[in-house]
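Source file: data25.pdb; contents: PDB, N, CA and C atoms.
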ATOM      1  N   MET A   1     -23.853  -9.474 -22.986
ATOM      2  CA  MET A   1     -23.501  -9.208 -21.611
ATOM      3  C   MET A   1     -24.113 -10.302 -20.750
ATOM      4  N   HIS A   2     -23.337 -10.866 -19.822
ATOM      5  CA  HIS A   2     -23.797 -11.938 -18.963
ATOM      6  C   HIS A   2     -24.247 -11.403 -17.616
ATOM      7  N   ALA A   3     -25.321 -11.936 -17.126
ATOM      8  CA  ALA A   3     -25.767 -11.571 -15.787
ATOM      9  C   ALA A   3     -24.827 -12.221 -14.789
ATOM     10  N   SER A   4     -24.402 -11.484 -13.778
ATOM     11  CA  SER A   4     -23.483 -12.002 -12.779
ATOM     12  C   SER A   4     -24.192 -12.953 -11.832
ATOM     13  N   SER A   5     -23.537 -14.069 -11.529
ATOM     14  CA  SER A   5     -24.105 -15.006 -10.565
ATOM     15  C   SER A   5     -23.770 -14.584  -9.133
ATOM     16  N   VAL A   6     -22.889 -13.617  -8.986
ATOM     17  CA  VAL A   6     -22.514 -13.111  -7.673
ATOM     18  C   VAL A   6     -23.426 -11.943  -7.324
ATOM     19  N   GLU A   7     -24.009 -12.013  -6.143
ATOM     20  CA  GLU A   7     -24.896 -10.936  -5.717
ATOM     21  C   GLU A   7     -24.219 -10.049  -4.684
ATOM     22  N   ALA A   8     -24.574  -8.790  -4.702
ATOM     23  CA  ALA A   8     -24.074  -7.868  -3.685
ATOM     24  C   ALA A   8     -24.725  -8.231  -2.358
ATOM     25  N   ARG A   9     -23.985  -7.967  -1.282
ATOM     26  CA  ARG A   9     -24.515  -8.276   0.042
ATOM     27  C   ARG A   9     -24.044  -7.245   1.050
ATOM     28  N   GLU A  10     -24.680  -7.241   2.205
ATOM     29  CA  GLU A  10     -24.241  -6.381   3.286
ATOM     30  C   GLU A  10     -23.002  -6.991   3.921
ATOM     31  N   VAL A  11     -22.132  -6.138   4.445
ATOM     32  CA  VAL A  11     -20.835  -6.577   4.951
ATOM     33  C   VAL A  11     -20.626  -6.049   6.365
ATOM     34  N   GLN A  12     -20.050  -6.888   7.205
ATOM     35  CA  GLN A  12     -19.651  -6.473   8.553
ATOM     36  C   GLN A  12     -18.128  -6.334   8.572
ATOM     37  N   ILE A  13     -17.638  -5.193   9.030
ATOM     38  CA  ILE A  13     -16.203  -4.971   9.196
ATOM     39  C   ILE A  13     -15.979  -4.617  10.663
ATOM     40  N   ALA A  14     -15.150  -5.390  11.332
ATOM     41  CA  ALA A  14     -14.848  -5.179  12.755
ATOM     42  C   ALA A  14     -16.123  -5.086  13.591
ATOM     43  N   GLY A  15     -17.104  -5.898  13.243
ATOM     44  CA  GLY A  15     -18.328  -5.966  14.027
ATOM     45  C   GLY A  15     -19.372  -4.901  13.736
ATOM     46  N   SER A  16     -19.109  -4.057  12.774
ATOM     47  CA  SER A  16     -20.062  -2.991  12.428
ATOM     48  C   SER A  16     -20.474  -3.113  10.961
ATOM     49  N   GLN A  17     -21.708  -2.698  10.673
ATOM     50  CA  GLN A  17     -22.154  -2.725   9.284
ATOM     51  C   GLN A  17     -21.322  -1.737   8.482
ATOM     52  N   PHE A  18     -20.774  -2.221   7.380
ATOM     53  CA  PHE A  18     -19.939  -1.389   6.527
ATOM     54  C   PHE A  18     -20.803  -0.558   5.607
ATOM     55  N   ARG A  19     -20.412   0.708   5.415
ATOM     56  CA  ARG A  19     -21.119   1.633   4.531
ATOM     57  C   ARG A  19     -20.121   2.228   3.552
ATOM     58  N   CYS A  20     -20.583   2.456   2.348
ATOM     59  CA  CYS A  20     -19.738   3.064   1.320
ATOM     60  C   CYS A  20     -19.283   4.447   1.775
ATOM     61  N   GLN A  21     -18.008   4.720   1.583
ATOM     62  CA  GLN A  21     -17.456   6.024   1.957
ATOM     63  C   GLN A  21     -17.960   7.150   1.066
ATOM     64  N   VAL A  22     -18.446   6.805  -0.114
ATOM     65  CA  VAL A  22     -18.889   7.822  -1.063
ATOM     66  C   VAL A  22     -20.386   8.090  -0.957
ATOM     67  N   CYS A  23     -21.194   7.004  -1.011
ATOM     68  CA  CYS A  23     -22.646   7.212  -1.103
ATOM     69  C   CYS A  23     -23.428   6.645   0.092
ATOM     70  N   ASP A  24     -22.726   6.051   1.057
ATOM     71  CA  ASP A  24     -23.337   5.533   2.284
ATOM     72  C   ASP A  24     -24.198   4.296   2.060
ATOM     73  N   TYR A  25     -24.092   3.659   0.900
ATOM     74  CA  TYR A  25     -24.863   2.453   0.601
ATOM     75  C   TYR A  25     -24.287   1.273   1.371
ATOM     76  N   THR A  26     -25.061   0.214   1.544
ATOM     77  CA  THR A  26     -24.622  -0.882   2.411
ATOM     78  C   THR A  26     -24.493  -2.238   1.711
ATOM     79  N   ARG A  27     -24.566  -2.283   0.388
ATOM     80  CA  ARG A  27     -24.447  -3.573  -0.309
ATOM     81  C   ARG A  27     -23.231  -3.540  -1.239
ATOM     82  N   PHE A  28     -22.439  -4.625  -1.185
ATOM     83  CA  PHE A  28     -21.160  -4.660  -1.884
ATOM     84  C   PHE A  28     -20.926  -5.996  -2.576
ATOM     85  N   PHE A  29     -20.180  -5.931  -3.679
ATOM     86  CA  PHE A  29     -19.637  -7.115  -4.310
ATOM     87  C   PHE A  29     -18.243  -7.294  -3.713
ATOM     88  N   ARG A  30     -17.815  -8.529  -3.496
ATOM     89  CA  ARG A  30     -16.494  -8.784  -2.914
ATOM     90  C   ARG A  30     -15.590  -9.434  -3.952
ATOM     91  N   ARG A  31     -14.363  -8.952  -4.025
ATOM     92  CA  ARG A  31     -13.340  -9.518  -4.901
ATOM     93  C   ARG A  31     -12.022  -9.570  -4.127
ATOM     94  N   GLU A  32     -11.132 -10.474  -4.547
ATOM     95  CA  GLU A  32      -9.776 -10.539  -4.012
ATOM     96  C   GLU A  32      -8.847  -9.899  -5.037
ATOM     97  N   ALA A  33      -7.865  -9.163  -4.564
ATOM     98  CA  ALA A  33      -6.882  -8.558  -5.460
ATOM     99  C   ALA A  33      -5.487  -8.994  -5.025
ATOM    100  N   ASP A  34      -4.665  -9.363  -5.979
ATOM    101  CA  ASP A  34      -3.290  -9.767  -5.721
ATOM    102  C   ASP A  34      -2.424  -8.511  -5.741
ATOM    103  N   LEU A  35      -1.697  -8.264  -4.667
ATOM    104  CA  LEU A  35      -0.880  -7.059  -4.573
ATOM    105  C   LEU A  35       0.563  -7.284  -4.990
ATOM    106  N   SER A  36       0.889  -8.482  -5.423
ATOM    107  CA  SER A  36       2.277  -8.779  -5.758
ATOM    108  C   SER A  36       2.668  -8.129  -7.076
ATOM    109  N   THR A  37       3.943  -7.825  -7.141
ATOM    110  CA  THR A  37       4.521  -7.318  -8.383
ATOM    111  C   THR A  37       5.716  -8.188  -8.703
ATOM    112  N   GLY A  38       6.174  -8.160  -9.907
ATOM    113  CA  GLY A  38       7.325  -8.972 -10.278
ATOM    114  C   GLY A  38       8.563  -8.642  -9.476
ATOM    115  N   ALA A  39       8.738  -7.382  -9.130
ATOM    116  CA  ALA A  39       9.950  -6.971  -8.421
ATOM    117  C   ALA A  39       9.837  -7.131  -6.911
ATOM    118  N   SER A  40       8.638  -7.240  -6.383
ATOM    119  CA  SER A  40       8.484  -7.252  -4.925
ATOM    120  C   SER A  40       9.235  -8.383  -4.260
ATOM    121  N   THR A  41       9.182  -9.583  -4.819
ATOM    122  CA  THR A  41       9.873 -10.717  -4.225
ATOM    123  C   THR A  41      11.378 -10.571  -4.393
ATOM    124  N   SER A  42      11.811 -10.058  -5.520
ATOM    125  CA  SER A  42      13.237  -9.896  -5.782
ATOM    126  C   SER A  42      13.897  -8.953  -4.783
ATOM    127  N   PHE A  43      13.174  -7.967  -4.339
ATOM    128  CA  PHE A  43      13.735  -6.986  -3.424
ATOM    129  C   PHE A  43      13.345  -7.239  -1.975
ATOM    130  N   GLY A  44      12.800  -8.406  -1.682
ATOM    131  CA  GLY A  44      12.499  -8.768  -0.309
ATOM    132  C   GLY A  44      11.286  -8.081   0.268
ATOM    133  N   GLN A  45      10.434  -7.551  -0.555
ATOM    134  CA  GLN A  45       9.240  -6.867  -0.066
ATOM    135  C   GLN A  45       8.073  -7.834  -0.095
ATOM    136  N   ASP A  46       8.139  -8.837   0.801
ATOM    137  CA  ASP A  46       7.117  -9.876   0.804
ATOM    138  C   ASP A  46       5.748  -9.353   1.194
ATOM    139  N   TRP A  47       5.692  -8.218   1.888
ATOM    140  CA  TRP A  47       4.390  -7.668   2.247
ATOM    141  C   TRP A  47       3.590  -7.345   0.989
ATOM    142  N   ALA A  48       4.311  -7.017  -0.092
ATOM    143  CA  ALA A  48       3.624  -6.653  -1.329
ATOM    144  C   ALA A  48       3.055  -7.871  -2.045
ATOM    145  N   SER A  49       3.402  -9.054  -1.574
ATOM    146  CA  SER A  49       2.910 -10.276  -2.198
ATOM    147  C   SER A  49       1.623 -10.760  -1.538
ATOM    148  N   SER A  50       1.012  -9.934  -0.762
ATOM    149  CA  SER A  50      -0.208 -10.330  -0.072
ATOM    150  C   SER A  50      -1.429 -10.050  -0.948
ATOM    151  N   LYS A  51      -2.546 -10.382  -0.408
ATOM    152  CA  LYS A  51      -3.814 -10.145  -1.106
ATOM    153  C   LYS A  51      -4.606  -9.079  -0.362
ATOM    154  N   ALA A  52      -5.491  -8.444  -1.085
ATOM    155  CA  ALA A  52      -6.388  -7.459  -0.497
ATOM    156  C   ALA A  52      -7.817  -7.895  -0.774
ATOM    157  N   SER A  53      -8.682  -7.614   0.166
ATOM    158  CA  SER A  53     -10.113  -7.821  -0.048
ATOM    159  C   SER A  53     -10.681  -6.505  -0.552
ATOM    160  N   CYS A  54     -11.402  -6.574  -1.647
ATOM    161  CA  CYS A  54     -11.996  -5.374  -2.225
ATOM    162  C   CYS A  54     -13.519  -5.493  -2.148
ATOM    163  N   TYR A  55     -14.145  -4.446  -1.668
ATOM    164  CA  TYR A  55     -15.604  -4.387  -1.627
ATOM    165  C   TYR A  55     -16.036  -3.275  -2.560
ATOM    166  N   ILE A  56     -16.799  -3.645  -3.571
ATOM    167  CA  ILE A  56     -17.245  -2.696  -4.590
ATOM    168  C   ILE A  56     -18.696  -2.336  -4.305
ATOM    169  N   CYS A  57     -18.945  -1.057  -4.115
ATOM    170  CA  CYS A  57     -20.294  -0.593  -3.804
ATOM    171  C   CYS A  57     -21.238  -0.903  -4.974
ATOM    172  N   GLU A  58     -22.362  -1.517  -4.655
ATOM    173  CA  GLU A  58     -23.343  -1.867  -5.684
ATOM    174  C   GLU A  58     -23.963  -0.615  -6.306
ATOM    175  N   GLN A  59     -24.046   0.454  -5.542
ATOM    176  CA  GLN A  59     -24.724   1.658  -6.028
ATOM    177  C   GLN A  59     -23.818   2.570  -6.851
ATOM    178  N   CYS A  60     -22.637   2.904  -6.316
ATOM    179  CA  CYS A  60     -21.800   3.887  -7.022
ATOM    180  C   CYS A  60     -20.537   3.293  -7.633
ATOM    181  N   GLY A  61     -20.191   2.062  -7.270
ATOM    182  CA  GLY A  61     -19.033   1.410  -7.858
ATOM    183  C   GLY A  61     -17.703   1.717  -7.188
ATOM    184  N   TYR A  62     -17.714   2.502  -6.127
ATOM    185  CA  TYR A  62     -16.465   2.821  -5.430
ATOM    186  C   TYR A  62     -15.849   1.537  -4.874
ATOM    187  N   VAL A  63     -14.522   1.385  -5.028
ATOM    188  CA  VAL A  63     -13.831   0.190  -4.548
ATOM    189  C   VAL A  63     -13.133   0.504  -3.225
ATOM    190  N   HIS A  64     -13.469  -0.255  -2.198
ATOM    191  CA  HIS A  64     -12.857  -0.128  -0.874
ATOM    192  C   HIS A  64     -11.846  -1.257  -0.734
ATOM    193  N   TRP A  65     -10.591  -0.920  -0.419
ATOM    194  CA  TRP A  65      -9.512  -1.910  -0.319
ATOM    195  C   TRP A  65      -9.191  -2.182   1.140
ATOM    196  N   PHE A  66      -9.001  -3.472   1.466
ATOM    197  CA  PHE A  66      -8.607  -3.869   2.810
ATOM    198  C   PHE A  66      -7.455  -4.857   2.718
ATOM    199  N   VAL A  67      -6.389  -4.588   3.475
ATOM    200  CA  VAL A  67      -5.285  -5.535   3.594
ATOM    201  C   VAL A  67      -5.172  -5.922   5.058
ATOM    202  N   ARG A  68      -4.549  -7.074   5.300
ATOM    203  CA  ARG A  68      -4.358  -7.480   6.688
ATOM    204  C   ARG A  68      -3.492  -6.457   7.392
ATOM    205  N   ALA A  69      -3.761  -6.219   8.668
ATOM    206  CA  ALA A  69      -3.029  -5.218   9.441
ATOM    207  C   ALA A  69      -1.524  -5.483   9.410
ATOM    208  N   ARG A  70      -1.125  -6.740   9.463
ATOM    209  CA  ARG A  70       0.300  -7.073   9.444
ATOM    210  C   ARG A  70       0.950  -6.609   8.148
ATOM    211  N   ALA A  71       0.280  -6.837   7.035
ATOM    212  CA  ALA A  71       0.823  -6.420   5.742
ATOM    213  C   ALA A  71       0.948  -4.901   5.681
ATOM    214  N   ALA A  72      -0.045  -4.198   6.191
ATOM    215  CA  ALA A  72      -0.006  -2.732   6.182
ATOM    216  C   ALA A  72       1.107  -2.224   7.089
ATOM    217  N   ALA A  73       1.289  -2.866   8.251
ATOM    218  CA  ALA A  73       2.349  -2.447   9.177
ATOM    219  C   ALA A  73       3.721  -2.670   8.554
ATOM    220  N   MET A  74       3.887  -3.792   7.860
ATOM    221  CA  MET A  74       5.163  -4.067   7.210
ATOM    222  C   MET A  74       5.439  -3.059   6.104
ATOM    223  N   ALA A  75       4.415  -2.655   5.394
ATOM    224  CA  ALA A  75       4.586  -1.644   4.343
ATOM    225  C   ALA A  75       5.039  -0.329   4.951
ATOM    226  N   ALA A  76       4.445   0.038   6.096
ATOM    227  CA  ALA A  76       4.828   1.277   6.771
ATOM    228  C   ALA A  76       6.273   1.196   7.250
ATOM    229  N   GLU A  77       6.683   0.025   7.768
ATOM    230  CA  GLU A  77       8.065  -0.155   8.209
ATOM    231  C   GLU A  77       9.013  -0.017   7.028
ATOM    232  N   ASP A  78       8.679  -0.611   5.891
ATOM    233  CA  ASP A  78       9.523  -0.510   4.708
ATOM    234  C   ASP A  78       9.652   0.936   4.256
ATOM    235  N   THR A  79       8.564   1.692   4.329
ATOM    236  CA  THR A  79       8.594   3.102   3.941
ATOM    237  C   THR A  79       9.482   3.888   4.888
ATOM    238  N   THR A  80       9.375   3.623   6.197
ATOM    239  CA  THR A  80      10.203   4.304   7.184
ATOM    240  C   THR A  80      11.670   3.980   6.951
ATOM    241  N   LEU A  81      11.977   2.719   6.717
ATOM    242  CA  LEU A  81      13.353   2.308   6.450
ATOM    243  C   LEU A  81      13.879   2.989   5.197
ATOM    244  N   ALA A  82      13.081   3.042   4.151
ATOM    245  CA  ALA A  82      13.506   3.703   2.914
ATOM    246  C   ALA A  82      13.798   5.185   3.165
ATOM    247  N   ASP A  83      12.975   5.838   3.985
ATOM    248  CA  ASP A  83      13.210   7.248   4.321
ATOM    249  C   ASP A  83      14.514   7.421   5.100
ATOM    250  N   GLU A  84      14.772   6.513   6.038
ATOM    251  CA  GLU A  84      16.016   6.578   6.823
ATOM    252  C   GLU A  84      17.233   6.371   5.937
ATOM    253  N   ILE A  85      17.144   5.434   5.014
ATOM    254  CA  ILE A  85      18.258   5.172   4.096
ATOM    255  C   ILE A  85      18.515   6.387   3.208
ATOM    256  N   GLU A  86      17.448   7.009   2.716
ATOM    257  CA  GLU A  86      17.607   8.201   1.874
ATOM    258  C   GLU A  86      18.242   9.348   2.655
ATOM    259  N   THR A  87      17.835   9.528   3.907
ATOM    260  CA  THR A  87      18.415  10.575   4.758
ATOM    261  C   THR A  87      19.907  10.319   4.965
ATOM    262  N   LEU A  88      20.268   9.077   5.242
ATOM    263  CA  LEU A  88      21.678   8.707   5.425
ATOM    264  C   LEU A  88      22.462   8.932   4.136
ATOM    265  N   ARG A  89      21.887   8.544   2.996
ATOM    266  CA  ARG A  89      22.564   8.739   1.709
ATOM    267  C   ARG A  89      22.866  10.208   1.462
ATOM    268  N   ARG A  90      21.883  11.053   1.735
ATOM    269  CA  ARG A  90      22.073  12.500   1.526
ATOM    270  C   ARG A  90      23.141  13.067   2.462
ATOM    271  N   ARG A  91      23.139  12.608   3.718
ATOM    272  CA  ARG A  91      24.124  13.094   4.684
ATOM    273  C   ARG A  91      25.534  12.683   4.248
ATOM    274  N   LEU A  92      25.699  11.422   3.835
ATOM    275  CA  LEU A  92      27.008  10.959   3.389
ATOM    276  C   LEU A  92      27.452  11.683   2.125
ATOM    277  N   GLU A  93      26.521  11.928   1.231
ATOM    278  CA  GLU A  93      26.843  12.659   0.005
ATOM    279  C   GLU A  93      27.321  14.075   0.332
ATOM    280  N   ALA A  94      26.634  14.731   1.267
ATOM    281  CA  ALA A  94      27.022  16.093   1.678
ATOM    282  C   ALA A  94      28.399  16.087   2.340
ATOM    283  N   GLU A  95      28.677  15.086   3.184
ATOM    284  CA  GLU A  95      29.984  14.989   3.840
ATOM    285  C   GLU A  95      31.085  14.753   2.809
ATOM    286  N   PHE A  96      30.814  13.896   1.827
ATOM    287  CA  PHE A  96      31.785  13.602   0.786
ATOM    288  C   PHE A  96      32.080  14.850  -0.034
ATOM    289  N   GLU A  97      31.040  15.593  -0.401
ATOM    290  CA  GLU A  97      31.237  16.826  -1.167
ATOM    291  C   GLU A  97      32.013  17.849  -0.345
ATOM    292  N   GLY A  98      31.724  17.905   0.966
ATOM    293  CA  GLY A  98      32.465  18.818   1.843
ATOM    294  C   GLY A  98      33.935  18.447   1.933
ATOM    295  N   ALA A  99      34.247  17.156   1.996
ATOM    296  CA  ALA A  99      35.626  16.698   2.036
ATOM    297  C   ALA A  99      36.345  16.996   0.730
ATOM    298  N   GLU A 100      35.669  16.835  -0.394
ATOM    299  CA  GLU A 100      36.275  17.149  -1.686
ATOM    300  C   GLU A 100      36.574  18.651  -1.799
ATOM    301  N   THR A 101      35.664  19.478  -1.310
ATOM    302  CA  THR A 101      35.865  20.927  -1.345
ATOM    303  C   THR A 101      37.058  21.323  -0.485
ATOM    304  N   ALA A 102      37.181  20.740   0.710
ATOM    305  CA  ALA A 102      38.313  21.033   1.607
ATOM    306  C   ALA A 102      39.635  20.587   0.975
ATOM    307  N   GLU A 103      39.632  19.440   0.344
ATOM    308  CA  GLU A 103      40.838  18.922  -0.329
ATOM    309  C   GLU A 103      41.247  19.838  -1.464
ATOM    310  N   THR A 104      40.291  20.314  -2.233
ATOM    311  CA  THR A 104      40.567  21.221  -3.353
ATOM    312  C   THR A 104      41.112  22.544  -2.826
ATOM    313  N   ALA A 105      40.597  23.030  -1.703
ATOM    314  CA  ALA A 105      41.032  24.310  -1.140
ATOM    315  C   ALA A 105      42.483  24.199  -0.632
ATOM    316  N   ARG A 106      42.883  23.034  -0.142
ATOM    317  CA  ARG A 106      44.236  22.839   0.361
ATOM    318  C   ARG A 106      45.274  22.860  -0.767
ATOM    319  N   ARG A 107      44.864  22.524  -1.959
ATOM    320  CA  ARG A 107      45.816  22.452  -3.085
ATOM    321  C   ARG A 107      46.127  23.811  -3.549
TER     322      ARG A 107
END

Encoded form using structure tokens:
Amino acid sequence: MHASSVEAREVQIAGSQFRCQVCDYTRFFRREADLSTGASTSFGQDWASSKASCYICEQCGYVHWFVRARAAAMAAEDTTLADEIETLRRRLEAEFEGAETAETARR
């Protein structure tokens, strides 16, 4: 086992000392995480191709994830759009089934 050359340190987030959400400790290891997936670019979900900053608590190991606000906002917009598309799909499907039922009743 190799001793890590990276040391845990205290972190400031938005001007305040950051504390672990689990154990309230104040020292963290920092890592970058790639959020991209193979399909994200193919489907135009460029927000998923961003990076996240991860702070790992030195005491309990809990990983805190941070993404840029713009990336998070774009993800929320994509989710809202997906919900709207699903609602529209269901409405059109119901209308189509209703039209088929009316056509069958006329025969």

How many Å separate CA of Ser36 in chain A from atom C of Tyr62 in chain A?
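We find that CA of Ser36 in chain A and atom C of Tyr62 in chain A lie 20.9 Å from each other.
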
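Near Cys54 in chain A, within 6 Å and counting only N, CA and C atoms, sit Phe29, Arg30, Arg31, Glu32, Ala33, Ala52, Ile56, His64, Trp65 and Phe66 of chain A; same-chain residues fewer than 2 positions away were not included.
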
Determine the nearest neighbour of Val22 in chain A from the options A:Ile85, A:Cys60, A:Glu95, A:Arg68, counting all atoms listed in the file.
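Looking only at the distances to Val22 in chain A, the closest residue turns out to be A:Cys60.
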
Spatial neighbours of Arg27 in chain A, max dist 8 Å, only N, CA and C atoms, sep filter under 3 positions, as a ChimeraX atom specification
/A:7-11,18-20,24,30,55-59

Between atom N of Val67 in chain A and atom N of Asp34 in chain A, what distance in Å does the model show, to one decimal?
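That distance, rounded to one decimal, is 10.7 Å.
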
Taking every listed atom of range 88-96 of chain A and adding 4 Å to each side, what centre and edge lengths in Å (one decimal) does the axis-aligned box have, as lines of an AutoDock Vina configuration file?
center_x = 26.2
center_y = 12.3
center_z = 2.7
size_x = 19.8
size_y = 15.5
size_z = 13.5

Point-to-point distance from CA of Ala14 in chain A to CA of Gly61 in chain A, Å rounded to tenths
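Atom-to-atom, CA of Ala14 in chain A to CA of Gly61 in chain A, that is 22.0 Å.
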
Select, from A:Leu88, A:Leu35, A:Val6, A:Cys23, the residue with the minimum atom-to-atom distance to Lys51 in chain A, counting only N, CA and C atoms.
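Once distances to Lys51 in chain A are computed over only N, CA and C atoms, the minimum belongs to A:Leu35.
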